[in-house]
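So this one's input.csv, CSV, C-alpha atoms:
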```
chain,number,residue,atom,x,y,z
G,1,MET,CA,109.3,93.2,103.9
G,2,LEU,CA,110.6,95.0,100.8
G,3,ILE,CA,108.4,94.6,97.7
G,4,ASP,CA,108.6,96.0,94.2
G,5,PRO,CA,105.0,95.9,92.7
G,6,LYS,CA,104.9,95.9,88.9
G,7,VAL,CA,103.9,99.1,87.2
G,8,ASN,CA,100.9,98.1,85.1
G,9,SER,CA,99.7,101.5,84.0
G,10,LEU,CA,101.2,104.9,83.5
G,11,VAL,CA,99.0,107.8,82.5
G,12,ILE,CA,101.1,110.8,81.4
G,13,PHE,CA,100.1,114.4,81.3
G,14,ASN,CA,101.3,116.6,78.4
G,15,GLY,CA,102.2,119.3,81.0
G,16,GLY,CA,104.4,116.9,83.0
G,17,GLY,CA,103.8,114.3,85.6
G,18,GLY,CA,101.4,111.3,85.6
G,19,ILE,CA,99.5,108.7,87.5
G,20,VAL,CA,101.2,105.4,88.3
G,21,GLU,CA,99.3,102.2,89.0
G,22,ARG,CA,101.1,99.2,90.4
G,23,GLU,CA,100.0,95.7,91.5
G,24,ILE,CA,101.4,92.8,93.4
G,25,LYS,CA,100.2,89.5,94.9
G,26,LEU,CA,101.3,89.2,98.5
G,27,GLN,CA,101.5,86.3,100.9
G,28,VAL,CA,100.3,87.3,104.4
G,29,GLN,CA,100.7,85.5,107.7
G,30,PRO,CA,98.4,85.7,110.8
G,31,GLY,CA,99.1,88.9,112.7
G,32,ILE,CA,100.8,92.2,111.5
G,33,ASN,CA,102.3,92.1,108.0
G,34,GLU,CA,104.5,95.2,107.1
G,35,PHE,CA,105.5,96.0,103.6
G,36,GLU,CA,107.8,98.7,102.1
G,37,ILE,CA,107.4,99.5,98.4
G,38,GLN,CA,110.6,100.0,96.4
G,39,ASN,CA,111.3,102.4,93.6
G,40,VAL,CA,108.9,105.2,94.6
G,41,PRO,CA,110.3,108.5,93.2
G,42,ALA,CA,110.5,111.4,95.6
G,43,SER,CA,108.4,113.3,93.0
G,44,PHE,CA,105.3,111.4,94.0
G,45,ASP,CA,102.6,113.3,95.9
G,46,PRO,CA,101.9,111.6,99.3
G,47,ASN,CA,98.4,113.0,99.4
G,48,SER,CA,97.5,111.1,96.2
G,49,ALA,CA,98.9,107.7,97.4
G,50,ASP,CA,96.2,105.0,97.5
G,51,ILE,CA,96.1,101.3,98.3
G,52,LYS,CA,93.3,98.9,97.6
G,53,LEU,CA,93.1,95.3,98.5
G,54,GLU,CA,91.6,92.8,96.0
G,55,TYR,CA,90.5,89.5,97.6
G,56,ILE,CA,91.3,86.2,95.9
G,57,ASN,CA,88.8,84.6,98.2
G,58,PRO,CA,85.8,86.8,98.9
G,59,GLU,CA,85.5,85.4,102.5
G,60,ASP,CA,88.9,86.9,103.3
G,61,LYS,CA,87.4,90.5,103.2
G,62,GLU,CA,86.7,90.4,107.0
G,63,LEU,CA,89.9,88.5,107.8
G,64,ILE,CA,92.5,90.4,105.9
G,65,THR,CA,92.4,94.2,106.2
G,66,LEU,CA,94.6,97.2,105.4
G,67,GLN,CA,95.5,98.7,108.8
G,68,GLN,CA,97.8,101.6,108.1
G,69,THR,CA,99.9,103.4,105.4
G,70,ILE,CA,103.1,105.3,106.2
G,71,ILE,CA,104.2,107.7,103.5
G,72,THR,CA,107.1,110.1,103.7
G,73,LEU,CA,109.4,112.1,101.4
G,74,PRO,CA,113.1,112.6,101.9
G,75,ASP,CA,114.2,115.9,103.4
G,76,TYR,CA,114.7,118.4,100.6
G,77,ASN,CA,117.7,120.2,102.1
G,78,ASN,CA,119.6,117.1,103.1
G,79,SER,CA,118.9,115.5,99.7
G,80,GLN,CA,120.1,118.5,97.9
G,81,GLN,CA,123.4,118.5,99.9
G,82,ILE,CA,123.9,114.9,98.9
G,83,ILE,CA,123.2,115.6,95.3
G,84,ASP,CA,125.6,118.6,95.3
G,85,ARG,CA,128.4,116.5,96.8
G,86,GLU,CA,127.8,113.7,94.2
G,87,LYS,CA,128.0,116.3,91.4
G,88,SER,CA,131.2,117.8,92.8
G,89,ALA,CA,132.8,114.4,93.2
G,90,ALA,CA,131.7,113.5,89.6
G,91,ASN,CA,133.3,116.6,88.2
G,92,SER,CA,136.6,115.8,90.1
G,93,ILE,CA,136.6,112.2,88.7
G,94,ILE,CA,135.9,113.4,85.2
G,95,SER,CA,138.9,115.7,85.3
G,96,TYR,CA,141.1,112.7,86.0
G,97,ALA,CA,139.3,110.2,83.7
G,98,ILE,CA,142.1,110.4,81.1
G,99,ASP,CA,144.2,108.3,83.5
G,100,PHE,CA,141.8,105.4,83.3
G,101,THR,CA,141.7,102.6,80.7
G,102,ARG,CA,139.3,103.1,77.8
G,103,GLU,CA,136.8,100.6,79.2
G,104,MET,CA,137.0,102.0,82.7
G,105,ARG,CA,136.8,105.6,81.3
G,106,GLU,CA,133.5,104.9,79.6
G,107,LYS,CA,131.9,103.4,82.7
G,108,VAL,CA,133.1,106.2,84.9
G,109,SER,CA,131.8,108.8,82.4
G,110,ASN,CA,128.4,107.2,82.3
G,111,ILE,CA,128.1,107.2,86.1
G,112,CYS,CA,129.3,110.8,86.3
G,113,GLU,CA,127.0,111.9,83.6
G,114,ALA,CA,124.0,110.4,85.4
G,115,SER,CA,125.1,112.2,88.6
G,116,SER,CA,125.2,115.6,86.8
G,117,TYR,CA,121.5,115.3,85.8
G,118,LYS,CA,120.3,114.1,89.2
G,119,THR,CA,117.7,116.1,91.0
G,120,PHE,CA,115.6,115.8,94.1
G,121,ALA,CA,112.9,114.1,92.1
G,122,ASP,CA,115.3,111.2,91.4
G,123,MET,CA,115.6,110.5,95.1
G,124,LYS,CA,113.3,107.8,96.6
G,125,GLY,CA,110.3,108.3,98.8
G,126,THR,CA,109.1,105.9,101.5
G,127,PHE,CA,105.8,104.2,101.0
G,128,ASN,CA,105.0,101.6,103.7
G,129,PHE,CA,101.7,99.8,104.5
G,130,ILE,CA,100.5,97.4,107.1
G,131,ILE,CA,98.1,94.5,106.6
G,132,ASN,CA,96.4,92.8,109.6
G,133,SER,CA,95.4,89.2,109.0
G,134,THR,CA,93.8,86.6,111.1
G,135,LYS,CA,94.8,83.8,108.7
G,136,GLU,CA,97.5,82.7,106.3
G,137,GLY,CA,96.6,83.6,102.7
G,138,GLU,CA,97.1,85.6,99.6
G,139,ILE,CA,96.0,89.1,98.7
G,140,ILE,CA,96.4,91.4,95.7
G,141,ALA,CA,97.5,94.9,96.6
G,142,LYS,CA,96.8,97.7,94.0
G,143,ILE,CA,98.8,100.9,94.5
G,144,SER,CA,98.4,104.2,92.8
G,145,TYR,CA,100.0,107.6,93.1
G,146,PHE,CA,100.6,110.9,91.2
G,147,LEU,CA,104.1,111.9,90.0
G,148,SER,CA,104.8,115.6,90.0
G,149,ASP,CA,107.7,115.7,87.6
G,150,VAL,CA,107.8,118.0,84.6
G,151,ARG,CA,110.6,115.8,83.0
G,152,LEU,CA,108.0,113.1,82.3
G,153,LYS,CA,105.6,114.3,79.6
G,154,TRP,CA,104.3,113.8,76.1
G,155,ASP,CA,103.9,116.0,73.0
G,156,THR,CA,102.5,115.7,69.5
G,157,THR,CA,104.3,115.9,66.2
G,158,LEU,CA,103.2,115.6,62.5
G,159,LYS,CA,104.9,114.1,59.5
G,160,VAL,CA,103.8,115.1,56.0
G,161,ASN,CA,104.5,112.8,53.1
G,162,ILE,CA,104.0,114.6,49.8
G,163,SER,CA,103.5,112.5,46.7
G,164,LYS,CA,106.0,112.7,43.8
G,165,ASP,CA,103.6,114.6,41.6
G,166,GLY,CA,103.0,117.1,44.4
G,167,LYS,CA,99.3,116.8,44.1
G,168,THR,CA,98.5,114.8,47.2
G,169,ALA,CA,99.9,114.5,50.7
G,170,GLU,CA,99.6,112.1,53.6
G,171,ILE,CA,99.7,113.4,57.2
G,172,GLU,CA,100.8,111.1,60.0
G,173,GLY,CA,100.4,112.1,63.7
G,174,PHE,CA,102.6,110.9,66.5
G,175,ILE,CA,102.8,111.1,70.2
G,176,VAL,CA,106.3,111.5,71.5
G,177,VAL,CA,107.0,110.6,75.1
G,178,ASP,CA,109.9,112.4,76.9
G,179,ASN,CA,111.1,110.7,80.0
G,180,GLN,CA,114.2,112.4,81.5
G,181,THR,CA,113.7,111.0,85.0
G,182,GLY,CA,115.9,108.4,86.6
G,183,PHE,CA,113.2,105.8,86.5
G,184,THR,CA,112.4,103.3,83.7
G,185,TYR,CA,109.0,101.8,83.0
G,186,GLU,CA,108.9,98.5,81.2
G,187,ASN,CA,105.9,96.7,79.5
G,188,VAL,CA,103.3,99.1,80.8
G,189,GLU,CA,99.9,100.2,79.5
G,190,LEU,CA,100.7,103.8,78.6
G,191,GLY,CA,97.9,106.4,78.6
G,192,PHE,CA,97.9,110.0,77.6
G,193,ALA,CA,95.9,112.9,79.0
G,194,ILE,CA,95.8,116.7,78.7
G,195,PHE,CA,97.1,118.7,81.6
G,196,GLU,CA,93.7,120.1,82.4
G,197,LEU,CA,91.3,117.3,82.3
G,198,PRO,CA,87.7,117.6,81.0
G,199,LYS,CA,85.4,117.8,84.0
G,200,PRO,CA,81.7,117.2,84.5
G,201,GLU,CA,79.7,120.3,85.2
G,202,SER,CA,79.2,119.3,88.8
G,203,TYR,CA,82.9,118.9,89.3
G,204,THR,CA,84.8,121.9,90.7
G,205,PRO,CA,88.5,121.5,91.5
G,206,ASP,CA,89.7,122.8,94.9
G,207,TYR,CA,93.3,123.2,93.9
G,208,GLN,CA,95.6,124.6,91.3
G,209,PHE,CA,98.7,123.1,89.7
G,210,ASP,CA,101.9,125.0,90.5
G,211,SER,CA,104.0,125.7,87.4
G,212,GLY,CA,107.0,124.2,89.3
G,213,ALA,CA,105.0,121.0,89.8
G,214,GLU,CA,106.6,120.4,93.2
G,215,GLN,CA,103.5,120.1,95.4
G,216,VAL,CA,100.0,118.9,94.6
G,217,SER,CA,97.2,119.4,97.2
G,218,GLN,CA,94.7,116.9,98.5
G,219,GLY,CA,92.3,117.9,95.8
G,220,LEU,CA,94.3,115.7,93.4
G,221,MET,CA,92.4,112.7,94.7
G,222,ASN,CA,89.3,114.1,93.1
G,223,GLU,CA,91.3,114.6,89.9
G,224,MET,CA,92.4,111.0,90.0
G,225,ASN,CA,88.9,109.7,90.3
G,226,VAL,CA,87.9,111.8,87.2
G,227,MET,CA,91.0,110.3,85.4
G,228,ARG,CA,89.9,106.8,86.2
G,229,SER,CA,86.5,107.4,84.7
G,230,ILE,CA,88.0,109.1,81.6
G,231,LYS,CA,90.4,106.2,81.1
G,232,LYS,CA,87.4,103.9,80.4
G,233,GLY,CA,85.9,106.2,77.8
G,234,PRO,CA,86.9,107.1,74.2
G,235,MET,CA,88.7,110.3,75.2
G,236,LYS,CA,92.2,108.7,74.9
G,237,ARG,CA,94.0,105.8,73.4
G,238,THR,CA,96.4,103.5,75.1
G,239,GLN,CA,99.1,101.3,73.8
G,240,ARG,CA,101.5,98.8,75.5
G,241,PHE,CA,105.1,99.8,75.4
G,242,LYS,CA,107.9,97.3,76.0
G,243,GLN,CA,110.2,99.9,77.5
G,244,LEU,CA,109.9,103.6,78.3
G,245,LEU,CA,113.2,105.3,78.8
```
As structure tokens, how would this structure be written, given the file I've shared?
Amino acid sequence: MLIDPKVNSLVIFNGGGGIVEREIKLQVQPGINEFEIQNVPASFDPNSADIKLEYINPEDKELITLQQTIITLPDYNNSQQIIDREKSAANSIISYAIDFTREMREKVSNICEASSYKTFADMKGTFNFIINSTKEGEIIAKISYFLSDVRLKWDTTLKVNISKDGKTAEIEGFIVVDNQTGFTYENVELGFAIFELPKPESYTPDYQFDSGAEQVSQGLMNEMNVMRSIKKGPMKRTQRFKQLL
């Protein structure tokens, strides 16, 4: 069954990428229940993917269980060939766009422009999971994963308002979110974190971020646990955004 869990939370790193948390209530039947999550960018790190079940009825804990997760990324070479063909076709269409009506020309131009910016990270990965149930019931599935995409990041900026007499000034600070990916996040709790997270003295990372942000090792799971603990503290502020483009 295809499902599209709502994105509840998105924590963005200033160096690029972020942690996505999604949630959905599912109806399960006795036996094997297979689900496929839609709209998972190919930039997600399979090693960071995590699913937790929240039980509406506590007694269901022994009756409804997560059996298996199946996570794959599209083949990079095949995907790149598809992207290159789309870009080539878009360029050919643009060269003849003058022959279209004005309304059609604008639609074609928007589609072709989107194709020209498309990268492997805009392709979709596969995130399936299987729930085994001995009864009919409802369950809440909470999904989280790390996005390794430098096109999604945040930065800071300042605005200085100088009084008319030039004797005083007011400084305003802003966080600017830059999302150049092909995915939109609506009505999410948006959090911000620095690229290298503050770590307890006992915490030693067993991986390093690659500047290309293409692969993140299994050690990211430890990083995500640290992030979850930081999210509850005063080290960052969150705000709900209606739409993040």
Using all atoms listed in the file, find each residue of range 100-143 of chain G with at least one atom at most 6 Å away from an atom of range 43-60 of chain G; report its shortest atom-to-atom pair and that distance in Å (one decimal), sort the rows by chain and rising residue number, and return the result as a tab-separated table.
```
residue	atom	partner	partner_atom	distance
G:Ala121	CA	G:Ser43	CA	4.7
G:Ile139	CA	G:Tyr55	CA	5.6
G:Ile140	CA	G:Glu54	CA	5.0
G:Ala141	CA	G:Leu53	CA	4.8
G:Lys142	CA	G:Lys52	CA	5.2
G:Ile143	CA	G:Ile51	CA	4.7
```
Print the selection's residues with C-alpha atoms to a file, as a PDB file, keeping the file's coordinate frame.
```pdb
ATOM      1  CA  ALA G 121     112.900 114.100  92.100  1.00  0.00           C
ATOM      2  CA  ILE G 139      96.000  89.100  98.700  1.00  0.00           C
ATOM      3  CA  ILE G 140      96.400  91.400  95.700  1.00  0.00           C
ATOM      4  CA  ALA G 141      97.500  94.900  96.600  1.00  0.00           C
ATOM      5  CA  LYS G 142      96.800  97.700  94.000  1.00  0.00           C
ATOM      6  CA  ILE G 143      98.800 100.900  94.500  1.00  0.00           C
TER       7      ILE G 143
END
```
Which residues of range 123-166 of chain G have any atom within 6 Å of an atom in range 71-93 of chain G when counting all atoms listed in the file, and what is the closest pair of atoms for each, with the distance in Å to one decimal? Order the rows by chain and rising number and write it as a Markdown table.
```
| residue | atom | partner | partner_atom | distance |
| --- | --- | --- | --- | --- |
| G:Gly125 | CA | G:Leu73 | CA | 4.7 |
| G:Thr126 | CA | G:Thr72 | CA | 5.1 |
| G:Phe127 | CA | G:Ile71 | CA | 4.6 |
```
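Among G:Glu21, G:Glu62, G:Asp4, G:Glu36, the residue with the shortest atom-to-atom distance to Lys135 in chain G, counting only C-alpha atoms, is G:Glu62.
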How would you write as a compact mmCIF listing (two decimals) with C-alpha atoms, keeping the file's coordinate frame the residues that get within 6 Å of (103.3, 94.2, 93.3) in the file's frame, counting all atoms listed in the file?
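New file out.txt:
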```txt
# COMPACT_ATOMS: atom_id res chain seq x y z
CA ASP G 4 108.60 96.00 94.20
CA PRO G 5 105.00 95.90 92.70
CA LYS G 6 104.90 95.90 88.90
CA GLU G 23 100.00 95.70 91.50
CA ILE G 24 101.40 92.80 93.40
CA LYS G 25 100.20 89.50 94.90
```
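In this model, the gap between CA of Ser115 in chain G and CA of Ala42 in chain G comes to 16.2 Å.
Candidate residues G:Val108, G:Leu10, G:Ile94, G:Ile131 were compared for distance to Gln27 in chain G, and the nearest is G:Ile131, using all atoms listed in the file.
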Which is closest to Tyr117 in chain G among G:Asn14, G:Ser95, G:Thr181, G:Thr134, if we use only C-alpha atoms? G:Thr181
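In this model, the gap between CA of Val11 in chain G and CA of Asp178 in chain G comes to 13.1 Å.
Relative to CA of Val176 in chain G, CA of Lys107 in chain G is found at 29.1 Å.
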With distances taken over only C-alpha atoms, the candidate from G:Met104, G:Ile19, G:Val177, G:Ile64 nearest Ser133 in chain G is G:Ile64
Around the point (106.4, 113.1, 60.5), in the coordinates given by the file, pick out the residues reaching within 12 Å, counting all atoms listed in the file, and return them as a VMD selection string. chain G and resid 156 to 162 169 to 176
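Across G:Leu147, G:Met1, G:Ile194, G:Val7, the tightest approach to Ile130 in chain G is made by G:Met1 when counting all atoms listed in the file.
Closest approach to Pro30 in chain G among G:Glu138, G:Gly15, G:Asn128, G:Ser9 is made by G:Glu138 (distances from only C-alpha atoms).
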Starting from the sparse input, extend range 25-38 of chain G to N, CA and C atoms and give the output as a PDB file, in the frame of the given file.
```pdb
ATOM      1  N   LYS G  25     100.867  90.512  94.056  1.00  0.00           N
ATOM      2  CA  LYS G  25     100.200  89.500  94.900  1.00  0.00           C
ATOM      3  C   LYS G  25     101.100  89.234  96.105  1.00  0.00           C
ATOM      4  N   LEU G  26     100.512  89.305  97.295  1.00  0.00           N
ATOM      5  CA  LEU G  26     101.300  89.200  98.500  1.00  0.00           C
ATOM      6  C   LEU G  26     100.822  87.976  99.334  1.00  0.00           C
ATOM      7  N   GLN G  27     101.785  87.339  99.986  1.00  0.00           N
ATOM      8  CA  GLN G  27     101.500  86.300 100.900  1.00  0.00           C
ATOM      9  C   GLN G  27     101.495  86.871 102.322  1.00  0.00           C
ATOM     10  N   VAL G  28     100.403  86.698 103.053  1.00  0.00           N
ATOM     11  CA  VAL G  28     100.300  87.300 104.400  1.00  0.00           C
ATOM     12  C   VAL G  28     100.200  86.130 105.426  1.00  0.00           C
ATOM     13  N   GLN G  29     100.717  86.435 106.626  1.00  0.00           N
ATOM     14  CA  GLN G  29     100.700  85.500 107.700  1.00  0.00           C
ATOM     15  C   GLN G  29      99.753  86.048 108.822  1.00  0.00           C
ATOM     16  N   PRO G  30      99.275  85.204 109.714  1.00  0.00           N
ATOM     17  CA  PRO G  30      98.400  85.700 110.800  1.00  0.00           C
ATOM     18  C   PRO G  30      99.166  86.761 111.629  1.00  0.00           C
ATOM     19  N   GLY G  31      98.492  87.858 111.902  1.00  0.00           N
ATOM     20  CA  GLY G  31      99.100  88.900 112.700  1.00  0.00           C
ATOM     21  C   GLY G  31      99.370  90.161 111.795  1.00  0.00           C
ATOM     22  N   ILE G  32     100.412  90.913 112.154  1.00  0.00           N
ATOM     23  CA  ILE G  32     100.800  92.200 111.500  1.00  0.00           C
ATOM     24  C   ILE G  32     101.769  91.863 110.354  1.00  0.00           C
ATOM     25  N   ASN G  33     101.459  92.316 109.141  1.00  0.00           N
ATOM     26  CA  ASN G  33     102.300  92.100 108.000  1.00  0.00           C
ATOM     27  C   ASN G  33     102.736  93.531 107.470  1.00  0.00           C
ATOM     28  N   GLU G  34     104.031  93.851 107.552  1.00  0.00           N
ATOM     29  CA  GLU G  34     104.500  95.200 107.100  1.00  0.00           C
ATOM     30  C   GLU G  34     105.243  95.045 105.796  1.00  0.00           C
ATOM     31  N   PHE G  35     104.937  95.985 104.887  1.00  0.00           N
ATOM     32  CA  PHE G  35     105.500  96.000 103.600  1.00  0.00           C
ATOM     33  C   PHE G  35     106.076  97.373 103.229  1.00  0.00           C
ATOM     34  N   GLU G  36     107.187  97.398 102.527  1.00  0.00           N
ATOM     35  CA  GLU G  36     107.800  98.700 102.100  1.00  0.00           C
ATOM     36  C   GLU G  36     107.945  98.580 100.541  1.00  0.00           C
ATOM     37  N   ILE G  37     107.344  99.530  99.824  1.00  0.00           N
ATOM     38  CA  ILE G  37     107.400  99.500  98.400  1.00  0.00           C
ATOM     39  C   ILE G  37     108.679 100.167  97.888  1.00  0.00           C
ATOM     40  N   GLN G  38     109.373  99.488  96.998  1.00  0.00           N
ATOM     41  CA  GLN G  38     110.600 100.000  96.400  1.00  0.00           C
ATOM     42  C   GLN G  38     110.349 100.860  95.205  1.00  0.00           C
TER      43      GLN G  38
END
```
